[in-house]
>>> print(open('protein_2.cif').read())   # mmCIF, C-alpha atoms
data_target
loop_
_atom_site.label_atom_id
_atom_site.label_comp_id
_atom_site.auth_asym_id
_atom_site.auth_seq_id
_atom_site.Cartn_x
_atom_site.Cartn_y
_atom_site.Cartn_z
CA MET A 1 57.39 89.99 173.09
CA ASP A 2 57.49 88.10 169.81
CA ARG A 3 59.69 88.91 166.88
CA ILE A 4 58.21 91.36 164.39
CA ALA A 5 58.71 90.26 160.80
CA PRO A 6 59.69 92.57 157.96
CA ARG A 7 57.01 93.37 155.41
CA GLY A 8 56.75 94.32 151.79
CA PRO A 9 57.88 92.97 148.45
CA ALA A 10 61.40 91.77 147.69
CA GLN A 11 63.22 93.75 144.99
CA ALA A 12 61.23 96.83 145.97
CA LYS A 13 62.21 100.22 144.64
CA LEU A 14 62.82 101.23 148.26
CA MET A 15 63.78 99.38 151.42
CA VAL A 16 63.42 101.21 154.72
CA LEU A 17 65.55 99.85 157.55
CA VAL A 18 64.94 101.03 161.12
CA ASP A 19 66.78 100.20 164.36
CA TYR A 20 63.99 98.16 165.96
CA PRO A 21 60.19 97.84 166.05
CA GLU A 22 58.02 100.25 167.99
CA ALA A 23 57.08 99.31 171.57
CA GLN A 24 53.46 98.59 170.66
CA ASP A 25 54.22 96.52 167.53
CA ARG A 26 52.77 93.04 167.85
CA GLU A 27 51.93 91.69 164.41
CA ARG A 28 52.95 94.51 162.07
CA LEU A 29 56.22 96.44 161.99
CA LEU A 30 55.83 100.17 162.69
CA SER A 31 52.16 100.03 163.56
CA GLY A 32 52.23 103.13 165.79
CA PRO A 33 53.23 106.79 165.53
CA HIS A 34 56.58 106.03 163.86
CA GLY A 35 54.81 104.09 161.16
CA LYS A 36 52.28 106.88 160.64
CA LEU A 37 55.12 109.36 160.23
CA LEU A 38 56.88 107.09 157.74
CA ASP A 39 53.66 106.43 155.78
CA GLY A 40 53.01 110.18 155.54
CA PHE A 41 56.53 110.77 154.31
CA LEU A 42 56.27 108.01 151.70
CA LEU A 43 52.91 109.25 150.46
CA ALA A 44 54.30 112.79 150.16
CA ALA A 45 57.16 111.31 148.12
CA GLY A 46 54.64 109.60 145.83
CA ILE A 47 55.39 106.09 147.10
CA ASP A 48 52.70 103.63 148.15
CA PRO A 49 53.82 102.35 151.59
CA GLU A 50 52.65 98.86 150.60
CA HIS A 51 55.29 98.83 147.82
CA VAL A 52 58.14 99.45 150.26
CA TYR A 53 60.15 96.67 151.90
CA LEU A 54 60.24 97.58 155.59
CA ALA A 55 62.58 95.88 158.05
CA SER A 56 64.30 96.43 161.37
CA ALA A 57 67.86 95.55 162.37
CA LEU A 58 66.60 94.07 165.63
CA PRO A 59 63.62 91.69 165.59
CA ARG A 60 61.84 93.19 168.61
CA HIS A 61 61.59 96.48 170.46
CA THR A 62 64.82 96.83 172.43
CA PRO A 63 65.28 100.08 174.36
CA LEU A 64 68.96 101.01 174.75
CA PRO A 65 70.51 97.97 173.07
CA ASP A 66 74.25 97.39 173.35
CA TRP A 67 75.02 97.99 169.66
CA ALA A 68 78.73 97.21 170.02
CA ALA A 69 77.97 93.81 171.56
CA LEU A 70 75.33 93.10 168.92
CA TYR A 71 77.81 93.96 166.17
CA ALA A 72 80.44 91.72 167.78
CA ALA A 73 77.86 88.91 167.92
CA GLY A 74 77.32 89.13 164.15
CA LEU A 75 74.29 91.38 163.76
CA GLY A 76 76.07 93.32 161.04
CA LYS A 77 76.49 90.21 158.89
CA VAL A 78 72.87 89.22 159.45
CA THR A 79 71.66 92.73 158.54
CA ALA A 80 73.84 92.85 155.42
CA HIS A 81 72.53 89.45 154.36
CA HIS A 82 68.96 90.63 154.93
CA VAL A 83 69.50 93.67 152.67
CA GLN A 84 71.10 91.42 150.05
CA LEU A 85 68.13 89.02 150.11
CA ALA A 86 65.59 91.86 149.94
CA ALA A 87 67.50 93.23 146.91
CA PRO A 88 66.02 96.76 146.93
CA GLN A 89 66.88 99.39 144.36
CA ARG A 90 67.46 101.98 147.11
CA LEU A 91 67.94 101.80 150.88
CA LEU A 92 66.72 104.38 153.40
CA MET A 93 68.25 103.79 156.83
CA LEU A 94 66.45 105.53 159.69
CA GLY A 95 68.61 105.50 162.79
CA SER A 96 72.22 106.23 163.56
CA HIS A 97 73.07 102.69 164.69
CA ILE A 98 72.36 100.93 161.43
CA SER A 99 75.15 102.22 159.19
CA PRO A 100 77.93 100.92 161.50
CA LEU A 101 76.27 97.49 161.33
CA LEU A 102 76.75 97.61 157.57
CA GLY A 103 80.44 98.47 157.79
CA HIS A 104 80.34 102.27 157.86
CA ASP A 105 82.95 103.79 160.18
CA PRO A 106 80.97 105.50 162.97
CA ALA A 107 83.74 108.11 163.30
CA ASN A 108 82.57 109.45 159.92
CA SER A 109 79.22 111.13 159.46
CA ALA A 110 76.55 108.67 158.38
CA GLU A 111 75.33 111.35 155.98
CA THR A 112 78.42 110.68 153.86
CA LEU A 113 77.41 107.07 153.29
CA ARG A 114 76.23 106.95 149.68
CA GLY A 115 76.02 103.25 148.93
CA PHE A 116 75.89 99.81 150.46
CA ASN A 117 78.37 97.51 148.75
CA HIS A 118 77.84 93.83 149.36
CA GLU A 119 78.78 90.82 147.27
CA GLY A 120 79.35 92.84 144.11
CA ARG A 121 76.18 94.92 144.36
CA ASN A 122 75.99 98.61 145.18
CA ILE A 123 72.69 99.89 146.56
CA PRO A 124 72.26 103.69 146.88
CA VAL A 125 71.77 104.65 150.53
CA LEU A 126 70.30 107.59 152.38
CA VAL A 127 70.88 107.70 156.14
CA ALA A 128 68.60 109.83 158.32
CA PRO A 129 67.69 110.17 161.98
CA ALA A 130 65.41 107.62 163.59
CA LEU A 131 61.67 108.19 163.29
CA GLU A 132 61.54 108.61 167.07
CA ASP A 133 64.02 111.50 166.80
CA MET A 134 62.02 113.13 164.00
CA LEU A 135 58.87 113.01 166.11
CA ALA A 136 60.74 114.67 168.99
CA ARG A 137 62.40 117.27 166.72
CA PRO A 138 60.02 118.10 163.85
CA ARG A 139 62.64 120.27 162.12
CA GLN A 140 64.51 117.07 161.25
CA LYS A 141 61.59 116.05 159.03
CA ALA A 142 62.28 119.06 156.79
CA VAL A 143 65.97 118.18 156.67
CA LEU A 144 65.11 114.61 155.67
CA TRP A 145 62.72 115.87 153.00
CA GLN A 146 65.40 118.10 151.43
CA ARG A 147 67.97 115.32 151.55
CA TRP A 148 65.40 112.95 149.99
CA LEU A 149 64.76 115.39 147.13
CA ASP A 150 68.51 115.72 146.53
CA TRP A 151 69.00 111.93 146.71
CA THR A 152 66.19 111.14 144.31
CA GLY A 153 67.06 113.98 141.91
CA GLN A 154 63.81 115.83 142.48
CA THR A 155 63.55 119.56 142.96
CA SER A 156 62.11 121.23 146.03
#
>>> encode(input="protein_2.cif", output="structure tokens")
Amino acid sequence: MDRIAPRGPAQAKLMVLVDYPEAQDRERLLSGPHGKLLDGFLLAAGIDPEHVYLASALPRHTPLPDWAALYAAGLGKVTAHHVQLAAPQRLLMLGSHISPLLGHDPANSAETLRGFNHEGRNIPVLVAPALEDMLARPRQKAVLWQRWLDWTGQTS
């Protein structure tokens, strides 16, 4: 399977970072049910999905990756550099394995992570379950929506 490239404009108002591409992704990141869920969420939030910078920590679908080994091999530095180059105004991380890559202590709840500090820049962050988990447990979509409203200063 080939690498799946990120998509969207640099310096976007929102960057969405997921663990890895969907199994059926070939030419476009999140081209299956996860992408449909994300697009629906973004549209409900009043955001055109084409104006979002979308990337994955891993370049291809990788079921059950060894996150500790990937971190030790430097994936965290690569991911942090990617976020820095994309230069979004806000960062939505979907998946529990991403925040440790960016230096967040996994012993603490990822929900407490409020910003990504890198090279003098602080990007507001919202961490939520992976899209796969939200599809399996629809109640988590409502939790994400409420957290989104709180994070963006909107009312429910």
>>> resolve_selection(input="protein_2.cif", expression="the PyMOL selection byres ((chain A and resi 19) around 10)", output="PyMOL selection string")
chain A and resi 17-18+20-22+55-62+65+93-98+130-131
>>> resolve_selection(input="protein_2.cif", expression="the PyMOL selection byres ((chain A and resi 8) around 8)", output="JSON list (two decimals) with C-alpha atoms, in the coordinates of the input")
[["chain", "number", "residue", "atom", "x", "y", "z"],
["A", 6, "PRO", "CA", 59.69, 92.57, 157.96],
["A", 7, "ARG", "CA", 57.01, 93.37, 155.41],
["A", 9, "PRO", "CA", 57.88, 92.97, 148.45],
["A", 10, "ALA", "CA", 61.40, 91.77, 147.69],
["A", 12, "ALA", "CA", 61.23, 96.83, 145.97],
["A", 50, "GLU", "CA", 52.65, 98.86, 150.60],
["A", 51, "HIS", "CA", 55.29, 98.83, 147.82],
["A", 52, "VAL", "CA", 58.14, 99.45, 150.26],
["A", 53, "TYR", "CA", 60.15, 96.67, 151.90],
["A", 54, "LEU", "CA", 60.24, 97.58, 155.59]]
>>> atom_distance(input="protein_2.cif", atom1="atom CA of Met134 of chain A", atom2="atom CA of Ala23 of chain A")
16.5 Å
>>> resolve_selection(input="protein_2.cif", expression="the PyMOL selection byres ((chain A and resi 146-155) around 9)", output="list in words")
Ala45, Pro124, Val125, Leu126, Ala128, Lys141, Ala142, Val143, Leu144, Trp145 and Ser156 of chain A
>>> atom_distance(input="protein_2.cif", atom1="atom CA of Leu14 of chain A", atom2="atom CA of Pro33 of chain A")
20.5 Å
>>> closest_residue(input="protein_2.cif", among="A:Val83, A:Leu29, A:Val16, A:Leu43", to="Ile4 of chain A", atoms="only C-alpha atoms")
A:Leu29
